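Notes to accompany the following structure.
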Amino acid sequence: MNLTIIGTGYVGLISGVCFAEFGYQTVCVDKDQNRIDELNQSKCPFYEPGIEDLLNKHLNKTKLLSFSNSVAQSVENADIIFITVGTPSKRIEGEADLSFVWDVAKEISENIKKYCLIVTKSTVPVGTTKQVKKIILENINENSFDVVSNPEFLREGSAVNDFMRPDRVVIGCENQNSENIMRELYRPLNLNETPIISTSIESSEIIKYASNSFLATKISFINQVSDLCEKVGANIQDVAKGMGIDKRIGSKFLHAGPGYGGSCFPKDVKAFINTANNHNVDLSILSAVDKFNDGRVDKIADKIMSKAKLRTGETASILGLSFKPNTDDIRDSTSIKIAKILNQKGIKVKSYDPEAMSNAKKENPFLVLCDDAYIACEESKVIIIGTEWNEFRALDLKKIINNKNNLCIFDLRNIYNPKELKQLGFDYFGTGT
Ligand SMILES: NC(=O)c1ccc[n+]([C@@H]2O[C@H](COP(=O)([O-])OP(=O)(O)OC[C@H]3O[C@@H](n4cnc5c(N)ncnc54)[C@H](O)[C@@H]3O)[C@@H](O)[C@H]2O)c1
């Protein structure tokens, strides 16, 4: 099977290298020439554990993988074309911006030469895949292609493993032939007995938004309960453990913290609310989730300012800038949002992150970036654990406190033992404790 993947970001590149690992001839396309040049030299444009070995293997050894900047040349021989371009939020009302998807659909329609499947793997609102079909029908006869929805559920930081061992694969097809081709494509996953969920195109598109929105709801829920815990002297970690052990609830996504960020949850929650509004359906539960999450970083910054009695000109240190560990992605990162608020209040912000500093610096020149966590914490009045990278769990905290008085630590991710830190002399503030 010949595959073409259009959009070589996190989803497109991971899908590309993993499909090559399955044994398929795969072309990954991007309009960003720098990105294609880097990839052709086996350089991954972002940090993701495990990807460089696969990239190198299939680009240079098996030669199953190639990169191109030309949609026209790359779709001619394709049996399946995946659309994996970004679908960011528009500024107004959080609607998904589908302009990249429409551009790609038009380009595909002008260049395909034989029957193929055109698959939306980007996260797209219900109705988008059928709209892609309409665009393609402007140039191509309906017997020459089929459209399919195949949303992606990988998580940055464990993307390769998630792609190779997913909990499920969702395929939304219009007919048996396209379902058969998609089942054949994912046949290598039969080894792990991965469930393939076959639905209508509309259900498949909704499954992706409903899944992300549900997880975001769990996060906002536990964060609201954690605020209550702080007021009444309860401990959110004990509460979450007591809840999560119940199989009906489950322990995942019950970690109190600064709120959800990243390239998916914030925009997907907003886009799902927008879809519901467009259809006059009450999804107010999600509006509450979104509003609470949007306001959380301001409340955390206020808490830091007041508990630490921070004054203009003083220094705060943020450890961790990526939106979660094991990625250099800073899109909608809560650490960066908190850093910006503190900076606006006249606080000098020093920081260290194992992978995300060069991305962070491009957009946030005010950040003072340091070579390691210890240097980032020097001369600071406040230390904020923004992202729970493993290396922060093992810090020598004695070295950091170094006989200072009243050094505050805001452990937004609850990675430390409060008793131990208090014994060392820190003023410790966890989340929901
Ligand atoms: N990042 C994730 O963890 C994740 C997980 C699941 C689903 N998704 C969804 O997958 C989609 C892609 O996300 P991403 O994070 O990979 O995006 P991204 O922004 O990292 O990458 C998108 C790529 O598409 C390219 N592109 C845009 N228009 C193009 C065109 N006309 N021709 C060729 N290339 C073009 C861009 O240059 C960019 O490199 C989104 O809908 C997202 O919601 C993302």
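Residue numbering restarts at 1 in every chain; chains get A, B, ... in the order shown in the structure tokens, and ligands count up from 1 in that same order.
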When DSSP is applied to the backbone of this structure, which of segment 161-199 of chain A are assigned strand (DSSP E)? Write them out as a list in words.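 Going through segment 161-199 of chain A, the strand (DSSP E) residues come out as Val169, Val170, Ile171, Gly172, Cys173, Ile196, Ile197, Ser198 and Thr199 of chain A.
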Please provide the set of residues having any atom within 8 Å of Ser178 of chain A, restricted to only C-alpha atoms, with same-chain residues fewer than 4 positions apart removed, written as number ranges by chain. A: 117, 146-148, 173-174, 182
Could you write out that same residue set with N, CA and C atoms as a PDB file, in the first residue's frame?
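Final output, again-v7.pdb:
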ATOM      1  N   LEU A 117      -8.301   6.460  -1.115  1.00  0.00           N
ATOM      2  CA  LEU A 117      -9.073   6.932   0.040  1.00  0.00           C
ATOM      3  C   LEU A 117      -8.486   8.251   0.496  1.00  0.00           C
ATOM      4  N   ASP A 146     -12.937   7.719  -2.102  1.00  0.00           N
ATOM      5  CA  ASP A 146     -13.867   7.711  -0.967  1.00  0.00           C
ATOM      6  C   ASP A 146     -13.237   8.522   0.153  1.00  0.00           C
ATOM      7  N   VAL A 147     -14.074   9.086   0.993  1.00  0.00           N
ATOM      8  CA  VAL A 147     -13.524   9.787   2.161  1.00  0.00           C
ATOM      9  C   VAL A 147     -13.769   8.945   3.419  1.00  0.00           C
ATOM     10  N   VAL A 148     -12.857   9.116   4.371  1.00  0.00           N
ATOM     11  CA  VAL A 148     -12.914   8.364   5.632  1.00  0.00           C
ATOM     12  C   VAL A 148     -12.498   9.306   6.755  1.00  0.00           C
ATOM     13  N   CYS A 173     -16.562   5.313   8.014  1.00  0.00           N
ATOM     14  CA  CYS A 173     -16.565   5.071   6.558  1.00  0.00           C
ATOM     15  C   CYS A 173     -17.987   5.191   6.023  1.00  0.00           C
ATOM     16  N   GLU A 174     -18.058   5.401   4.695  1.00  0.00           N
ATOM     17  CA  GLU A 174     -19.363   5.489   4.043  1.00  0.00           C
ATOM     18  C   GLU A 174     -19.772   4.184   3.382  1.00  0.00           C
ATOM     19  N   MET A 182      -9.340   0.246   5.172  1.00  0.00           N
ATOM     20  CA  MET A 182      -8.838   0.771   6.454  1.00  0.00           C
ATOM     21  C   MET A 182      -8.505  -0.372   7.417  1.00  0.00           C
TER      22      MET A 182
END
Helix (DSSP H, G or I) per DSSP on the backbone: members of segment 190-230 of chain A, as a ChimeraX atom specification: /A:190-192,201-230
Close residues, Ser333 of chain A itself excluded, 7 Å, only C-alpha atoms, min 2 positions apart in chain, as JSON, numbers by chain: {"A": [261, 262, 321, 322, 323, 330, 331, 335, 336, 337]}
Could those selected residues go to a file with C-alpha atoms, as a PDB file, in the first residue's frame?
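Just written: part11.pdb:
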ATOM      1  CA  GLY A 261      -2.955  23.038  28.246  1.00  0.00           C
ATOM      2  CA  GLY A 262      -1.276  21.798  25.096  1.00  0.00           C
ATOM      3  CA  LEU A 321       7.901  25.155  30.395  1.00  0.00           C
ATOM      4  CA  SER A 322       6.469  22.490  28.091  1.00  0.00           C
ATOM      5  CA  PHE A 323       2.746  21.799  28.512  1.00  0.00           C
ATOM      6  CA  ILE A 330       4.716  24.879  24.526  1.00  0.00           C
ATOM      7  CA  ARG A 331       1.376  25.471  22.803  1.00  0.00           C
ATOM      8  CA  SER A 335       3.780  27.388  32.792  1.00  0.00           C
ATOM      9  CA  ILE A 336       4.270  29.967  30.056  1.00  0.00           C
ATOM     10  CA  LYS A 337       0.930  31.605  30.863  1.00  0.00           C
TER      11      LYS A 337
END
Please, which residues in chain A fall within 6 Å of ligand 1 when counting only C-alpha atoms and all ligand atoms, and what is the closest atom pair and distance in Å to one decimal for each, ordered by chain then residue number, as a tab-separated table?
residue	atom	partner	partner_atom_place_in_ligand_line	distance
A:Ile6	CA	ligand 1	33 (C)	5.2
A:Gly7	CA	ligand 1	24 (O)	3.3
A:Thr8	CA	ligand 1	39 (O)	4.7
A:Gly9	CA	ligand 1	21 (O)	3.2
A:Tyr10	CA	ligand 1	16 (O)	3.6
A:Val11	CA	ligand 1	16 (O)	3.9
A:Gly12	CA	ligand 1	16 (O)	5.7
A:Val29	CA	ligand 1	33 (C)	5.6
A:Asp30	CA	ligand 1	34 (N)	3.6
A:Lys31	CA	ligand 1	33 (C)	4.2
A:Asp32	CA	ligand 1	37 (O)	4.9
A:Thr84	CA	ligand 1	12 (C)	5.0
A:Val85	CA	ligand 1	24 (O)	3.8
A:Gly86	CA	ligand 1	12 (C)	4.1
A:Thr87	CA	ligand 1	41 (O)	4.3
A:Phe100	CA	ligand 1	28 (N)	4.8
A:Asp103	CA	ligand 1	31 (N)	5.5
A:Val104	CA	ligand 1	31 (N)	4.8
A:Ser122	CA	ligand 1	41 (O)	3.6
A:Thr123	CA	ligand 1	41 (O)	3.8
A:Glu152	CA	ligand 1	6 (C)	4.7
A:Phe153	CA	ligand 1	6 (C)	4.8
A:Leu154	CA	ligand 1	5 (C)	5.1
A:Arg155	CA	ligand 1	3 (O)	4.9
A:Glu156	CA	ligand 1	3 (O)	4.8
A:Ser263	CA	ligand 1	1 (N)	5.7
A:Cys264	CA	ligand 1	43 (O)	5.2
With N, CA and C atoms retained, write the just-selected residues as a compact mmCIF listing (two decimals), in the first residue's frame.
# COMPACT_ATOMS: atom_id res chain seq x y z
N ILE A 6 -0.29 14.31 4.47
CA ILE A 6 -0.10 15.75 4.19
C ILE A 6 -0.20 16.54 5.48
N GLY A 7 0.93 17.19 5.85
CA GLY A 7 1.06 17.87 7.13
C GLY A 7 1.99 17.04 7.98
N THR A 8 3.24 17.51 8.14
CA THR A 8 4.24 16.70 8.84
C THR A 8 4.54 17.31 10.21
N GLY A 9 3.48 17.53 10.98
CA GLY A 9 3.62 17.97 12.37
C GLY A 9 3.69 16.75 13.27
N TYR A 10 3.25 16.90 14.50
CA TYR A 10 3.32 15.79 15.46
C TYR A 10 2.56 14.59 14.92
N VAL A 11 1.33 14.81 14.50
CA VAL A 11 0.50 13.68 14.08
C VAL A 11 1.00 13.11 12.76
N GLY A 12 1.28 13.98 11.79
CA GLY A 12 1.69 13.51 10.47
C GLY A 12 3.01 12.76 10.52
N VAL A 29 4.37 14.88 3.49
CA VAL A 29 4.44 16.15 2.75
C VAL A 29 4.24 17.32 3.71
N ASP A 30 5.01 18.36 3.50
CA ASP A 30 4.75 19.59 4.26
C ASP A 30 5.10 20.78 3.38
N LYS A 31 4.34 21.87 3.57
CA LYS A 31 4.62 23.06 2.76
C LYS A 31 5.80 23.85 3.34
N ASP A 32 6.21 23.48 4.55
CA ASP A 32 7.33 24.16 5.20
C ASP A 32 8.64 23.53 4.70
N THR A 84 -3.35 15.62 7.70
CA THR A 84 -2.91 15.76 9.11
C THR A 84 -2.43 17.18 9.39
N VAL A 85 -3.07 18.15 8.75
CA VAL A 85 -2.67 19.55 8.98
C VAL A 85 -3.31 20.05 10.27
N GLY A 86 -2.85 21.20 10.74
CA GLY A 86 -3.37 21.77 11.98
C GLY A 86 -4.80 22.27 11.82
N THR A 87 -5.55 22.23 12.94
CA THR A 87 -6.90 22.78 12.97
C THR A 87 -7.02 23.67 14.22
N PHE A 100 -6.63 25.18 6.53
CA PHE A 100 -5.56 24.29 6.05
C PHE A 100 -6.17 23.02 5.43
N ASP A 103 -7.61 23.88 1.98
CA ASP A 103 -6.53 24.06 0.98
C ASP A 103 -6.02 22.71 0.49
N VAL A 104 -5.80 21.80 1.45
CA VAL A 104 -5.26 20.49 1.09
C VAL A 104 -6.28 19.70 0.25
N SER A 122 -6.62 14.70 10.97
CA SER A 122 -6.68 15.90 11.82
C SER A 122 -7.98 15.84 12.62
N THR A 123 -7.98 16.54 13.76
CA THR A 123 -9.22 16.62 14.56
C THR A 123 -10.13 17.65 13.90
N GLU A 152 -6.99 10.74 15.35
CA GLU A 152 -5.79 10.25 16.00
C GLU A 152 -5.85 10.54 17.50
N PHE A 153 -5.42 9.54 18.30
CA PHE A 153 -5.51 9.69 19.76
C PHE A 153 -4.15 9.70 20.45
N LEU A 154 -3.06 9.78 19.66
CA LEU A 154 -1.73 9.72 20.29
C LEU A 154 -1.53 10.90 21.24
N ARG A 155 -0.66 10.70 22.22
CA ARG A 155 -0.31 11.77 23.16
C ARG A 155 1.14 12.15 22.95
N GLU A 156 1.41 13.45 22.86
CA GLU A 156 2.81 13.87 22.76
C GLU A 156 3.55 13.36 23.99
N SER A 263 -1.65 21.41 22.78
CA SER A 263 -2.14 21.78 21.45
C SER A 263 -3.53 21.25 21.17
N CYS A 264 -4.10 20.44 22.07
CA CYS A 264 -5.39 19.81 21.73
C CYS A 264 -6.54 20.20 22.66
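With only C-alpha atoms as the atoms that count, the minimum distance from Ile80 of chain A to the choices A:Thr334, A:Ser251, A:Thr120, A:Ser284 is reached by A:Thr120.
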Find the residues near Ile51 of chain A: any atom within 10 Å, counting only C-alpha atoms, skip ones fewer than 6 places away on the same chain, and give them as a ChimeraX atom specification. /A:13-14,17-18,43-44,57,158-161
What is the atom CA of Asn406 of chain A to atom CA of Asp227 of chain A distance in Å?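 So the answer is 23.8 Å.
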So how many Å separate atom CA of Lys133 of chain A and atom CA of Leu283 of chain A, to one decimal?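 That distance, rounded to one decimal, is 28.2 Å.
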